[in-house]
file work_31.pdb (PDB, C-alpha atoms)
MODEL        1
ATOM      1  CA  MET A   1     -20.195 -65.032  81.409
ATOM      2  CA  ASP A   2     -22.384 -64.161  78.465
ATOM      3  CA  THR A   3     -20.804 -63.182  75.166
ATOM      4  CA  MET A   4     -21.043 -59.869  73.356
ATOM      5  CA  ARG A   5     -23.538 -61.371  70.958
ATOM      6  CA  ASP A   6     -25.603 -62.747  73.850
ATOM      7  CA  ARG A   7     -25.882 -59.152  75.027
ATOM      8  CA  PHE A   8     -26.757 -57.789  71.570
ATOM      9  CA  ALA A   9     -30.408 -58.872  71.188
ATOM     10  CA  PRO A  10     -31.573 -57.902  74.715
ATOM     11  CA  VAL A  11     -29.928 -54.473  74.484
ATOM     12  CA  VAL A  12     -31.309 -53.740  71.022
ATOM     13  CA  SER A  13     -34.756 -55.037  72.022
ATOM     14  CA  ARG A  14     -34.815 -52.450  74.810
ATOM     15  CA  LEU A  15     -33.728 -49.767  72.343
ATOM     16  CA  LEU A  16     -36.629 -50.775  70.093
ATOM     17  CA  ASP A  17     -38.989 -50.268  73.035
ATOM     18  CA  ASP A  18     -37.483 -46.887  73.941
ATOM     19  CA  ASP A  19     -36.899 -45.247  70.562
ATOM     20  CA  PRO A  20     -39.440 -45.352  67.714
ATOM     21  CA  ARG A  21     -36.678 -44.464  65.213
ATOM     22  CA  VAL A  22     -34.799 -47.717  65.842
ATOM     23  CA  ALA A  23     -35.300 -50.639  63.475
ATOM     24  CA  VAL A  24     -33.463 -53.969  63.195
ATOM     25  CA  VAL A  25     -32.701 -55.630  59.877
ATOM     26  CA  LEU A  26     -31.596 -59.281  59.887
ATOM     27  CA  ALA A  27     -30.657 -61.892  57.308
ATOM     28  CA  GLU A  28     -31.837 -65.016  59.175
ATOM     29  CA  ILE A  29     -28.809 -65.015  61.485
ATOM     30  CA  GLY A  30     -29.855 -63.818  64.941
ATOM     31  CA  ARG A  31     -33.598 -63.809  64.286
ATOM     32  CA  ASP A  32     -34.472 -66.034  67.296
ATOM     33  CA  GLY A  33     -33.093 -63.418  69.676
ATOM     34  CA  PHE A  34     -35.686 -60.932  68.420
ATOM     35  CA  ALA A  35     -38.759 -63.178  68.512
ATOM     36  CA  ASP A  36     -40.393 -61.278  71.366
ATOM     37  CA  ALA A  37     -39.370 -57.879  70.031
ATOM     38  CA  ARG A  38     -40.878 -58.751  66.662
ATOM     39  CA  LEU A  39     -44.232 -59.416  68.319
ATOM     40  CA  ARG A  40     -44.104 -55.962  69.921
ATOM     41  CA  HIS A  41     -42.689 -54.131  66.888
ATOM     42  CA  PRO A  42     -43.450 -56.161  63.752
ATOM     43  CA  GLU A  43     -42.869 -53.180  61.478
ATOM     44  CA  ARG A  44     -39.394 -52.503  62.940
ATOM     45  CA  VAL A  45     -37.911 -56.018  63.193
ATOM     46  CA  ILE A  46     -37.307 -57.059  59.599
ATOM     47  CA  ASN A  47     -35.824 -60.353  58.402
ATOM     48  CA  VAL A  48     -34.926 -60.245  54.699
ATOM     49  CA  GLY A  49     -33.791 -63.866  54.503
ATOM     50  CA  ILE A  50     -30.395 -64.951  53.217
ATOM     51  CA  ARG A  51     -30.006 -61.861  51.027
ATOM     52  CA  GLU A  52     -27.096 -59.865  52.350
ATOM     53  CA  GLN A  53     -27.124 -57.209  49.618
ATOM     54  CA  LEU A  54     -30.806 -56.604  50.365
ATOM     55  CA  LEU A  55     -29.952 -56.529  54.067
ATOM     56  CA  VAL A  56     -27.811 -53.422  53.635
ATOM     57  CA  GLY A  57     -30.083 -51.914  50.990
ATOM     58  CA  ALA A  58     -33.131 -52.269  53.232
ATOM     59  CA  GLY A  59     -31.222 -50.640  56.081
ATOM     60  CA  ALA A  60     -30.291 -47.737  53.827
ATOM     61  CA  GLY A  61     -33.905 -47.388  52.716
ATOM     62  CA  LEU A  62     -35.029 -47.164  56.322
ATOM     63  CA  ALA A  63     -32.383 -44.532  56.965
ATOM     64  CA  LEU A  64     -33.667 -42.478  54.052
ATOM     65  CA  THR A  65     -37.058 -42.326  55.784
ATOM     66  CA  GLY A  66     -35.492 -41.010  58.990
ATOM     67  CA  MET A  67     -35.147 -44.313  60.858
ATOM     68  CA  ARG A  68     -32.024 -45.429  62.730
ATOM     69  CA  PRO A  69     -31.429 -48.958  61.356
ATOM     70  CA  ILE A  70     -29.327 -51.589  63.117
ATOM     71  CA  VAL A  71     -28.143 -54.125  60.536
ATOM     72  CA  HIS A  72     -26.806 -57.451  61.801
ATOM     73  CA  THR A  73     -25.196 -60.639  60.542
ATOM     74  CA  PHE A  74     -21.774 -62.321  60.485
ATOM     75  CA  ALA A  75     -18.930 -59.962  59.532
ATOM     76  CA  SER A  76     -18.160 -61.719  56.254
ATOM     77  CA  PHE A  77     -21.808 -61.346  55.185
ATOM     78  CA  LEU A  78     -22.161 -57.792  56.509
ATOM     79  CA  VAL A  79     -19.066 -56.029  55.198
ATOM     80  CA  GLU A  80     -17.478 -58.224  52.531
ATOM     81  CA  ARG A  81     -20.345 -59.757  50.567
ATOM     82  CA  PRO A  82     -22.508 -56.604  50.272
ATOM     83  CA  PHE A  83     -19.598 -54.145  50.143
ATOM     84  CA  GLU A  84     -21.018 -52.409  47.050
ATOM     85  CA  GLN A  85     -24.227 -51.687  48.949
ATOM     86  CA  VAL A  86     -22.257 -50.425  51.956
ATOM     87  CA  LYS A  87     -20.316 -48.124  49.615
ATOM     88  CA  LEU A  88     -23.259 -46.875  47.564
ATOM     89  CA  ASP A  89     -26.523 -47.355  49.455
ATOM     90  CA  LEU A  90     -25.083 -45.877  52.648
ATOM     91  CA  GLY A  91     -21.983 -43.926  51.620
ATOM     92  CA  HIS A  92     -23.005 -42.482  48.259
ATOM     93  CA  GLN A  93     -26.505 -41.661  49.509
ATOM     94  CA  ASP A  94     -24.970 -40.121  52.634
ATOM     95  CA  VAL A  95     -27.192 -41.900  55.130
ATOM     96  CA  GLY A  96     -26.240 -43.608  58.361
ATOM     97  CA  ALA A  97     -26.762 -47.013  59.904
ATOM     98  CA  VAL A  98     -25.323 -49.149  62.671
ATOM     99  CA  LEU A  99     -23.725 -52.289  61.247
ATOM    100  CA  VAL A 100     -23.246 -54.898  63.983
ATOM    101  CA  SER A 101     -21.236 -57.965  63.098
ATOM    102  CA  ALA A 102     -20.588 -61.310  64.730
ATOM    103  CA  ALA A 103     -18.023 -64.092  64.129
ATOM    104  CA  ALA A 104     -15.155 -61.568  63.751
ATOM    105  CA  SER A 105     -11.863 -62.896  62.372
ATOM    106  CA  PHE A 106     -12.134 -66.559  63.341
ATOM    107  CA  ASP A 107     -14.739 -66.842  66.095
ATOM    108  CA  TRP A 108     -16.333 -69.897  64.485
ATOM    109  CA  PRO A 109     -13.416 -71.846  63.005
ATOM    110  CA  ALA A 110     -15.650 -74.772  62.013
ATOM    111  CA  GLY A 111     -17.434 -72.465  59.593
ATOM    112  CA  GLY A 112     -14.301 -72.164  57.494
ATOM    113  CA  PHE A 113     -12.990 -69.138  55.656
ATOM    114  CA  THR A 114     -16.441 -68.177  54.330
ATOM    115  CA  HIS A 115     -17.382 -67.283  57.916
ATOM    116  CA  MET A 116     -14.202 -65.358  58.729
ATOM    117  CA  ALA A 117     -13.564 -61.674  58.013
ATOM    118  CA  PRO A 118     -10.153 -60.532  59.263
ATOM    119  CA  GLY A 119     -10.156 -57.821  56.578
ATOM    120  CA  ASP A 120     -13.414 -56.111  57.558
ATOM    121  CA  VAL A 121     -11.993 -53.030  59.255
ATOM    122  CA  ALA A 122      -9.360 -52.590  56.531
ATOM    123  CA  LEU A 123     -12.113 -52.764  53.926
ATOM    124  CA  LEU A 124     -14.164 -50.085  55.692
ATOM    125  CA  ASP A 125     -11.016 -47.957  55.753
ATOM    126  CA  THR A 126     -11.420 -47.513  51.994
ATOM    127  CA  LEU A 127     -14.618 -45.542  52.692
ATOM    128  CA  ASP A 128     -15.085 -42.145  54.272
ATOM    129  CA  GLY A 129     -16.737 -41.245  57.533
ATOM    130  CA  TRP A 130     -17.093 -44.560  59.375
ATOM    131  CA  THR A 131     -16.851 -44.891  63.142
ATOM    132  CA  VAL A 132     -15.564 -48.335  64.174
ATOM    133  CA  HIS A 133     -16.024 -49.807  67.659
ATOM    134  CA  VAL A 134     -14.191 -52.994  68.721
ATOM    135  CA  PRO A 135     -15.312 -53.855  72.267
ATOM    136  CA  GLY A 136     -13.277 -56.241  74.367
ATOM    137  CA  HIS A 137     -15.971 -57.301  76.849
ATOM    138  CA  PRO A 138     -19.783 -57.745  76.782
ATOM    139  CA  ASP A 139     -20.265 -54.748  79.102
ATOM    140  CA  GLU A 140     -18.228 -52.607  76.723
ATOM    141  CA  ALA A 141     -20.246 -53.953  73.797
ATOM    142  CA  GLU A 142     -23.470 -52.789  75.450
ATOM    143  CA  THR A 143     -22.051 -49.322  76.097
ATOM    144  CA  LEU A 144     -20.728 -48.968  72.551
ATOM    145  CA  LEU A 145     -23.952 -50.256  71.008
ATOM    146  CA  ARG A 146     -25.835 -47.539  72.847
ATOM    147  CA  HIS A 147     -23.287 -44.948  71.725
ATOM    148  CA  ALA A 148     -23.661 -46.137  68.143
ATOM    149  CA  VAL A 149     -27.438 -45.954  68.062
ATOM    150  CA  ALA A 150     -27.397 -42.526  69.707
ATOM    151  CA  ALA A 151     -24.848 -41.180  67.207
ATOM    152  CA  GLY A 152     -27.345 -39.178  65.158
ATOM    153  CA  ASP A 153     -27.240 -40.395  61.579
ATOM    154  CA  ASP A 154     -23.590 -41.465  61.574
ATOM    155  CA  LYS A 155     -22.272 -44.581  59.865
ATOM    156  CA  VAL A 156     -21.058 -46.893  62.635
ATOM    157  CA  TYR A 157     -19.600 -50.407  62.628
ATOM    158  CA  VAL A 158     -19.658 -52.419  65.884
ATOM    159  CA  ARG A 159     -17.475 -55.547  65.743
ATOM    160  CA  LEU A 160     -18.661 -58.168  68.232
ATOM    161  CA  SER A 161     -16.577 -61.209  69.157
ATOM    162  CA  VAL A 162     -16.797 -64.254  71.391
ATOM    163  CA  GLN A 163     -13.221 -63.432  72.412
ATOM    164  CA  SER A 164     -13.280 -61.324  75.545
ATOM    165  CA  ASN A 165     -11.049 -59.840  78.200
ATOM    166  CA  ALA A 166     -11.643 -60.975  81.776
ATOM    167  CA  GLU A 167     -12.945 -57.600  82.922
ATOM    168  CA  ALA A 168     -14.605 -54.586  81.399
ATOM    169  CA  ARG A 169     -12.865 -51.234  81.199
ATOM    170  CA  PRO A 170     -14.425 -47.770  81.072
ATOM    171  CA  VAL A 171     -15.160 -46.871  77.448
ATOM    172  CA  ASP A 172     -16.569 -43.670  76.030
ATOM    173  CA  GLY A 173     -16.924 -44.362  72.320
ATOM    174  CA  ALA A 174     -14.059 -42.043  71.413
ATOM    175  CA  ARG A 175     -10.731 -42.187  73.237
ATOM    176  CA  PHE A 176      -7.941 -44.670  73.871
ATOM    177  CA  HIS A 177      -7.365 -45.306  77.584
ATOM    178  CA  THR A 178      -4.056 -45.689  79.363
ATOM    179  CA  VAL A 179      -3.848 -49.025  81.194
ATOM    180  CA  ARG A 180      -0.140 -49.083  82.020
ATOM    181  CA  GLU A 181       2.605 -46.440  81.782
ATOM    182  CA  GLY A 182       6.231 -46.981  80.789
ATOM    183  CA  ARG A 183       9.202 -45.280  79.142
ATOM    184  CA  SER A 184      10.377 -47.667  76.415
ATOM    185  CA  GLY A 185       7.611 -47.818  73.848
ATOM    186  CA  VAL A 186       3.858 -47.738  73.366
ATOM    187  CA  VAL A 187       1.681 -50.792  72.756
ATOM    188  CA  VAL A 188      -1.876 -50.211  71.550
ATOM    189  CA  ALA A 189      -4.119 -53.189  72.374
ATOM    190  CA  VAL A 190      -7.398 -53.281  70.462
ATOM    191  CA  GLY A 191     -10.534 -54.794  72.003
ATOM    192  CA  PRO A 192     -10.182 -58.459  73.003
ATOM    193  CA  MET A 193      -6.393 -58.345  72.571
ATOM    194  CA  LEU A 194      -5.887 -56.454  75.846
ATOM    195  CA  ASP A 195      -5.500 -59.405  78.235
ATOM    196  CA  ASN A 196      -2.949 -61.112  75.990
ATOM    197  CA  VAL A 197      -1.037 -57.847  75.583
ATOM    198  CA  LEU A 198      -0.967 -57.242  79.341
ATOM    199  CA  ALA A 199       0.314 -60.769  79.928
ATOM    200  CA  ALA A 200       2.889 -60.390  77.162
ATOM    201  CA  THR A 201       4.233 -57.058  78.433
ATOM    202  CA  GLU A 202       4.334 -57.926  82.132
ATOM    203  CA  GLY A 203       7.632 -56.573  83.478
ATOM    204  CA  LEU A 204       8.384 -54.557  80.321
ATOM    205  CA  ASP A 205       8.784 -50.793  80.703
ATOM    206  CA  VAL A 206       6.094 -49.906  78.152
ATOM    207  CA  THR A 207       2.918 -47.870  78.021
ATOM    208  CA  VAL A 208      -0.201 -49.870  77.124
ATOM    209  CA  LEU A 209      -3.113 -48.032  75.544
ATOM    210  CA  TYR A 210      -6.499 -49.724  75.253
ATOM    211  CA  ALA A 211      -8.509 -48.982  72.105
ATOM    212  CA  THR A 212     -12.154 -49.934  71.688
ATOM    213  CA  THR A 213     -12.964 -47.165  69.209
ATOM    214  CA  VAL A 214     -10.396 -47.379  66.425
ATOM    215  CA  ARG A 215     -11.989 -45.065  63.870
ATOM    216  CA  PRO A 216     -11.610 -42.192  64.180
ATOM    217  CA  PHE A 217      -8.100 -43.082  65.360
ATOM    218  CA  ASP A 218      -7.214 -41.337  68.625
ATOM    219  CA  THR A 219      -4.199 -39.372  67.402
ATOM    220  CA  ASP A 220      -4.056 -37.210  70.534
ATOM    221  CA  ALA A 221      -3.818 -40.185  72.903
ATOM    222  CA  LEU A 222      -1.048 -41.826  70.899
ATOM    223  CA  ARG A 223       0.967 -38.618  70.634
ATOM    224  CA  ALA A 224       0.561 -37.934  74.353
ATOM    225  CA  ALA A 225       1.758 -41.431  75.236
ATOM    226  CA  THR A 226       4.874 -41.089  73.108
ATOM    227  CA  LEU A 227       6.006 -37.974  74.987
ATOM    228  CA  ALA A 228       7.145 -40.132  77.915
ATOM    229  CA  ALA A 229       7.436 -43.575  76.311
ATOM    230  CA  GLY A 230       9.142 -42.663  73.044
ATOM    231  CA  THR A 231       7.962 -43.089  69.477
ATOM    232  CA  ASP A 232       8.339 -46.844  69.014
ATOM    233  CA  VAL A 233       4.736 -48.081  68.650
ATOM    234  CA  VAL A 234       3.278 -51.580  68.446
ATOM    235  CA  LEU A 235      -0.340 -52.090  67.360
ATOM    236  CA  VAL A 236      -1.999 -55.381  68.356
ATOM    237  CA  GLU A 237      -5.312 -55.793  66.528
ATOM    238  CA  PRO A 238      -7.747 -58.743  66.392
ATOM    239  CA  TYR A 239      -8.103 -58.359  62.621
ATOM    240  CA  LEU A 240      -5.751 -58.006  59.640
ATOM    241  CA  ALA A 241      -2.210 -57.177  60.728
ATOM    242  CA  GLY A 242      -1.231 -53.638  59.790
ATOM    243  CA  THR A 243      -4.774 -52.292  59.499
ATOM    244  CA  SER A 244      -3.978 -49.238  61.637
ATOM    245  CA  THR A 245      -0.303 -48.702  60.826
ATOM    246  CA  THR A 246      -1.148 -45.904  58.377
ATOM    247  CA  ALA A 247      -3.222 -44.134  61.031
ATOM    248  CA  ALA A 248      -0.381 -44.428  63.558
ATOM    249  CA  ASN A 249       2.172 -43.235  61.010
ATOM    250  CA  ASP A 250      -0.013 -40.242  60.168
ATOM    251  CA  ALA A 251      -0.386 -39.430  63.866
ATOM    252  CA  LEU A 252       3.411 -39.272  64.249
ATOM    253  CA  ALA A 253       4.278 -37.908  60.811
ATOM    254  CA  ASP A 254       6.199 -34.923  62.182
ATOM    255  CA  VAL A 255       8.551 -36.948  64.416
ATOM    256  CA  PRO A 256      10.934 -39.865  63.791
ATOM    257  CA  HIS A 257       9.131 -43.070  64.757
ATOM    258  CA  ARG A 258       8.746 -46.798  64.161
ATOM    259  CA  VAL A 259       5.482 -48.742  63.974
ATOM    260  CA  LEU A 260       4.937 -52.511  64.118
ATOM    261  CA  GLY A 261       1.509 -53.862  63.220
ATOM    262  CA  LEU A 262       0.549 -57.228  64.708
ATOM    263  CA  GLY A 263      -2.703 -59.022  63.978
ATOM    264  CA  VAL A 264      -4.207 -61.732  61.805
ATOM    265  CA  GLY A 265      -1.957 -62.802  58.936
ATOM    266  CA  ARG A 266      -3.000 -62.881  55.291
ATOM    267  CA  ALA A 267      -2.323 -66.581  54.830
ATOM    268  CA  GLU A 268      -5.483 -68.692  55.011
ATOM    269  CA  LEU A 269      -5.346 -71.392  57.683
ATOM    270  CA  ARG A 270      -7.106 -74.319  56.069
ATOM    271  CA  ARG A 271      -7.523 -76.446  59.177
ATOM    272  CA  TYR A 272     -10.546 -75.468  61.215
ATOM    273  CA  GLY A 273      -8.960 -75.891  64.641
ATOM    274  CA  THR A 274     -10.022 -73.775  67.612
ATOM    275  CA  ILE A 275      -9.927 -70.073  68.413
ATOM    276  CA  THR A 276      -6.914 -70.663  70.671
ATOM    277  CA  GLU A 277      -5.087 -72.488  67.893
ATOM    278  CA  HIS A 278      -5.808 -69.652  65.464
ATOM    279  CA  LEU A 279      -4.503 -67.092  67.953
ATOM    280  CA  THR A 280      -1.303 -69.101  68.328
ATOM    281  CA  ALA A 281      -0.913 -69.596  64.588
ATOM    282  CA  HIS A 282      -1.194 -65.843  64.030
ATOM    283  CA  GLY A 283       1.238 -65.021  66.832
ATOM    284  CA  LEU A 284      -1.388 -63.381  69.015
ATOM    285  CA  ASP A 285      -0.954 -65.562  72.110
ATOM    286  CA  PRO A 286       0.978 -64.064  75.071
ATOM    287  CA  ARG A 287       4.189 -65.990  74.444
ATOM    288  CA  ALA A 288       4.477 -65.004  70.792
ATOM    289  CA  LEU A 289       3.447 -61.422  71.522
ATOM    290  CA  ARG A 290       6.149 -61.226  74.204
ATOM    291  CA  GLU A 291       8.791 -62.279  71.690
ATOM    292  CA  ARG A 292       7.585 -59.972  68.929
ATOM    293  CA  ILE A 293       6.972 -56.900  71.111
ATOM    294  CA  GLY A 294      10.160 -57.386  73.131
ATOM    295  CA  GLY A 295      12.214 -57.939  69.989
ATOM    296  CA  PHE A 296      10.882 -54.804  68.338
ATOM    297  CA  LEU A 297      11.274 -52.600  71.393
ATOM    298  CA  GLY A 298      14.636 -54.090  72.279
ATOM    299  CA  GLY A 299      13.611 -55.364  75.693
TER     300      GLY A 299
ENDMDL
END

call {"tool": "encode", "arguments": {"input": "work_31.pdb", "output": "structure tokens"}}
result
Amino acid sequence: MDTMRDRFAPVVSRLLDDDPRVAVVLAEIGRDGFADARLRHPERVINVGIREQLLVGAGAGLALTGMRPIVHTFASFLVERPFEQVKLDLGHQDVGAVLVSAAASFDWPAGGFTHMAPGDVALLDTLDGWTVHVPGHPDEAETLLRHAVAAGDDKVYVRLSVQSNAEARPVDGARFHTVREGRSGVVVAVGPMLDNVLAATEGLDVTVLYATTVRPFDTDALRAATLAAGTDVVLVEPYLAGTSTTAANDALADVPHRVLGLGVGRAELRRYGTITEHLTAHGLDPRALRERIGGFLGG
């Protein structure tokens, strides 16, 4: 099966053909995937070199002219390194772009911590007005990419990962979807965490919600799920643990509730290892999730 990033360049190349507003801005990473598209649209496939601040600034400049820029590189170079440009060139100037990242939290362990960005979504949470998509399958990534580009002039972040669930689910770029219903708690599985969550909660009497669009947070879906399952909530996210606990707490502010946020820990793992080893070390494998979810929900 191809990865989300394998799907990225072909989908965006077709969008370049179909929509004259669309432009792609790259910083070396990913340029080979757009070689043919650059021949067809040399003025709309732009490689700024290894200059990540310019990457975002150029995207914002295109947006100011009425274009719909898609800005792409690894998450650590897209959100963290040029954060001032994300805040000012896009946010302060009130223009939109589609930021599409790769490498996620630890997709390329051999790259070390410079190529990891478990705090990307939490960092964007300090800014106003961002939509954040976290697909869990290449088919979902294609759907959400198309949603993002079609979203007028909104500011959208699409977080691609090599981690993937075995099958795609219906996604609409807005709502959480109910995968399993129960009466003893709600577990929200974000993007590629779904398969591990389903394995971990097998036989537990819990509702499982699947979230691929995490900002805006789907308050209505969470509240509806708690009507039957109760107000104990576990969030399982493929990025910094606790990123969405505030959103869940706000959603349930008028009722007694408990929230547990599971995800990538703050401690830096200094051995490269593999993706599977990182998942285990952060307690995101099915066995550890079973213990942590079951312990919290009392089952």

call {"tool": "resolve_selection", "arguments": {"input": "work_31.pdb", "expression": "the PyMOL selection byres ((chain A and resi 63-74) around 8)", "output": "PyMOL selection string"}}
result
chain A and resi 21-27+29-30+55-56+59-62+75-78+95-104+115+149+153

call {"tool": "closest_residue", "arguments": {"input": "work_31.pdb", "among": "A:Gly242, A:Ser161, A:Ala248, A:Leu297", "to": "Thr207 of chain A", "atoms": "all atoms listed in the file"}}
result
A:Leu297

call {"tool": "resolve_selection", "arguments": {"input": "work_31.pdb", "expression": "the PyMOL selection byres ((chain A and resi 91-94) around 9)", "output": "PyMOL selection string"}}
result
chain A and resi 60+64+85-90+95-96+127-129+155

call {"tool": "closest_residue", "arguments": {"input": "work_31.pdb", "among": "A:Ala228, A:Ala189, A:Leu262, A:Ala288", "to": "Thr243 of chain A", "atoms": "all atoms listed in the file"}}
result
A:Leu262

call {"tool": "closest_residue", "arguments": {"input": "work_31.pdb", "among": "A:Val197, A:Ala166, A:Ala148, A:Leu227", "to": "Gly182 of chain A", "atoms": "all atoms listed in the file"}}
result
A:Leu227

call {"tool": "atom_distance", "arguments": {"input": "work_31.pdb", "atom1": "atom CA of Ile50 of chain A", "atom2": "atom CA of Val162 of chain A"}}
result
22.7 Å

call {"tool": "resolve_selection", "arguments": {"input": "work_31.pdb", "expression": "the PyMOL selection byres ((chain A and resi 36) around 12)", "output": "list in words"}}
result
Ala9, Pro10, Val12, Ser13, Arg14, Leu16, Asp17, Arg31, Asp32, Gly33, Phe34, Ala35, Ala37, Arg38, Leu39, Arg40, His41, Pro42 and Val45 of chain A

call {"tool": "atom_distance", "arguments": {"input": "work_31.pdb", "atom1": "atom CA of Glu80 of chain A", "atom2": "atom CA of Gly173 of chain A"}}
result
24.2 Å

call {"tool": "atom_distance", "arguments": {"input": "work_31.pdb", "atom1": "atom CA of Asp254 of chain A", "atom2": "atom CA of Arg215 of chain A"}}
result
20.9 Å

call {"tool": "closest_residue", "arguments": {"input": "work_31.pdb", "among": "A:Gln163, A:Thr143, A:Asn249, A:Thr114", "to": "Val233 of chain A", "atoms": "all atoms listed in the file"}}
result
A:Asn249

call {"tool": "residues_near_point", "arguments": {"input": "work_31.pdb", "point": "(-3.8, -52.9, 70.0)", "cutoff": "12 Å", "atoms": "only C-alpha atoms", "output": "number ranges by chain"}}
result
A: 134-136, 176-179, 186-198, 207-214, 217, 222, 233-245, 248, 259-263, 284, 289, 293

call {"tool": "closest_residue", "arguments": {"input": "work_31.pdb", "among": "A:Ala224, A:Ala141, A:Ala200, A:Val158", "to": "Arg7 of chain A", "atoms": "all atoms listed in the file"}}
result
A:Ala141

call {"tool": "residues_near_point", "arguments": {"input": "work_31.pdb", "point": "(-1.2, -68.2, 63.0)", "cutoff": "10 Å", "atoms": "all atoms listed in the file", "output": "short mmCIF file (atom, residue, chain, number, x, y, z; two decimals) with C-alpha atoms, in the frame of the given file"}}
result
data_model
loop_
_atom_site.label_atom_id
_atom_site.label_comp_id
_atom_site.auth_asym_id
_atom_site.auth_seq_id
_atom_site.Cartn_x
_atom_site.Cartn_y
_atom_site.Cartn_z
CA GLY A 263 -2.70 -59.02 63.98
CA VAL A 264 -4.21 -61.73 61.80
CA GLY A 265 -1.96 -62.80 58.94
CA ARG A 266 -3.00 -62.88 55.29
CA ALA A 267 -2.32 -66.58 54.83
CA GLU A 268 -5.48 -68.69 55.01
CA LEU A 269 -5.35 -71.39 57.68
CA THR A 276 -6.91 -70.66 70.67
CA GLU A 277 -5.09 -72.49 67.89
CA HIS A 278 -5.81 -69.65 65.46
CA LEU A 279 -4.50 -67.09 67.95
CA THR A 280 -1.30 -69.10 68.33
CA ALA A 281 -0.91 -69.60 64.59
CA HIS A 282 -1.19 -65.84 64.03
CA GLY A 283 1.24 -65.02 66.83
CA LEU A 284 -1.39 -63.38 69.02
CA ASP A 285 -0.95 -65.56 72.11
#

call {"tool": "decode", "arguments": {"input": "work_31.pdb", "residues": "segment 134-146 of chain A", "atoms": "N, CA, C and O atoms", "output": "mmCIF file, in the first residue's frame"}}
result
data_model
loop_
_atom_site.group_PDB
_atom_site.id
_atom_site.type_symbol
_atom_site.label_atom_id
_atom_site.label_comp_id
_atom_site.auth_asym_id
_atom_site.auth_seq_id
_atom_site.Cartn_x
_atom_site.Cartn_y
_atom_site.Cartn_z
ATOM 1 N N VAL A 134 -5.834 15.227 10.515
ATOM 2 C CA VAL A 134 -4.861 14.173 10.838
ATOM 3 C C VAL A 134 -5.386 12.863 10.253
ATOM 4 O O VAL A 134 -6.003 12.057 10.958
ATOM 5 N N PRO A 135 -5.185 12.627 8.964
ATOM 6 C CA PRO A 135 -5.709 11.399 8.356
ATOM 7 C C PRO A 135 -5.027 10.165 8.920
ATOM 8 O O PRO A 135 -3.893 10.215 9.393
ATOM 9 N N GLY A 136 -5.766 9.048 8.842
ATOM 10 C CA GLY A 136 -5.223 7.784 9.321
ATOM 11 C C GLY A 136 -5.000 6.768 8.230
ATOM 12 O O GLY A 136 -4.666 5.609 8.509
ATOM 13 N N HIS A 137 -5.160 7.176 6.969
ATOM 14 C CA HIS A 137 -5.027 6.254 5.833
ATOM 15 C C HIS A 137 -4.793 7.100 4.585
ATOM 16 O O HIS A 137 -5.304 8.234 4.503
ATOM 17 N N PRO A 138 -4.047 6.596 3.590
ATOM 18 C CA PRO A 138 -3.810 7.385 2.374
ATOM 19 C C PRO A 138 -5.088 7.847 1.676
ATOM 20 O O PRO A 138 -5.136 8.971 1.146
ATOM 21 N N ASP A 139 -6.132 7.016 1.661
ATOM 22 C CA ASP A 139 -7.387 7.448 1.034
ATOM 23 C C ASP A 139 -7.984 8.637 1.773
ATOM 24 O O ASP A 139 -8.518 9.571 1.158
ATOM 25 N N GLU A 140 -7.900 8.599 3.101
ATOM 26 C CA GLU A 140 -8.396 9.724 3.896
ATOM 27 C C GLU A 140 -7.549 10.966 3.651
ATOM 28 O O GLU A 140 -8.072 12.089 3.592
ATOM 29 N N ALA A 141 -6.236 10.769 3.495
ATOM 30 C CA ALA A 141 -5.353 11.901 3.226
ATOM 31 C C ALA A 141 -5.747 12.592 1.926
ATOM 32 O O ALA A 141 -5.783 13.830 1.852
ATOM 33 N N GLU A 142 -6.063 11.805 0.899
ATOM 34 C CA GLU A 142 -6.477 12.411 -0.373
ATOM 35 C C GLU A 142 -7.763 13.209 -0.200
ATOM 36 O O GLU A 142 -7.865 14.352 -0.662
ATOM 37 N N THR A 143 -8.743 12.635 0.488
ATOM 38 C CA THR A 143 -10.001 13.340 0.711
ATOM 39 C C THR A 143 -9.783 14.638 1.479
ATOM 40 O O THR A 143 -10.321 15.700 1.116
ATOM 41 N N LEU A 144 -8.977 14.590 2.528
ATOM 42 C CA LEU A 144 -8.773 15.764 3.370
ATOM 43 C C LEU A 144 -7.910 16.809 2.676
ATOM 44 O O LEU A 144 -8.098 18.012 2.902
ATOM 45 N N LEU A 145 -6.980 16.380 1.835
ATOM 46 C CA LEU A 145 -6.225 17.344 1.036
ATOM 47 C C LEU A 145 -7.158 18.128 0.122
ATOM 48 O O LEU A 145 -7.047 19.352 -0.008
ATOM 49 N N ARG A 146 -8.080 17.425 -0.508
ATOM 50 C CA ARG A 146 -9.026 18.103 -1.391
ATOM 51 C C ARG A 146 -9.937 19.045 -0.605
ATOM 52 O O ARG A 146 -10.240 20.153 -1.060
#
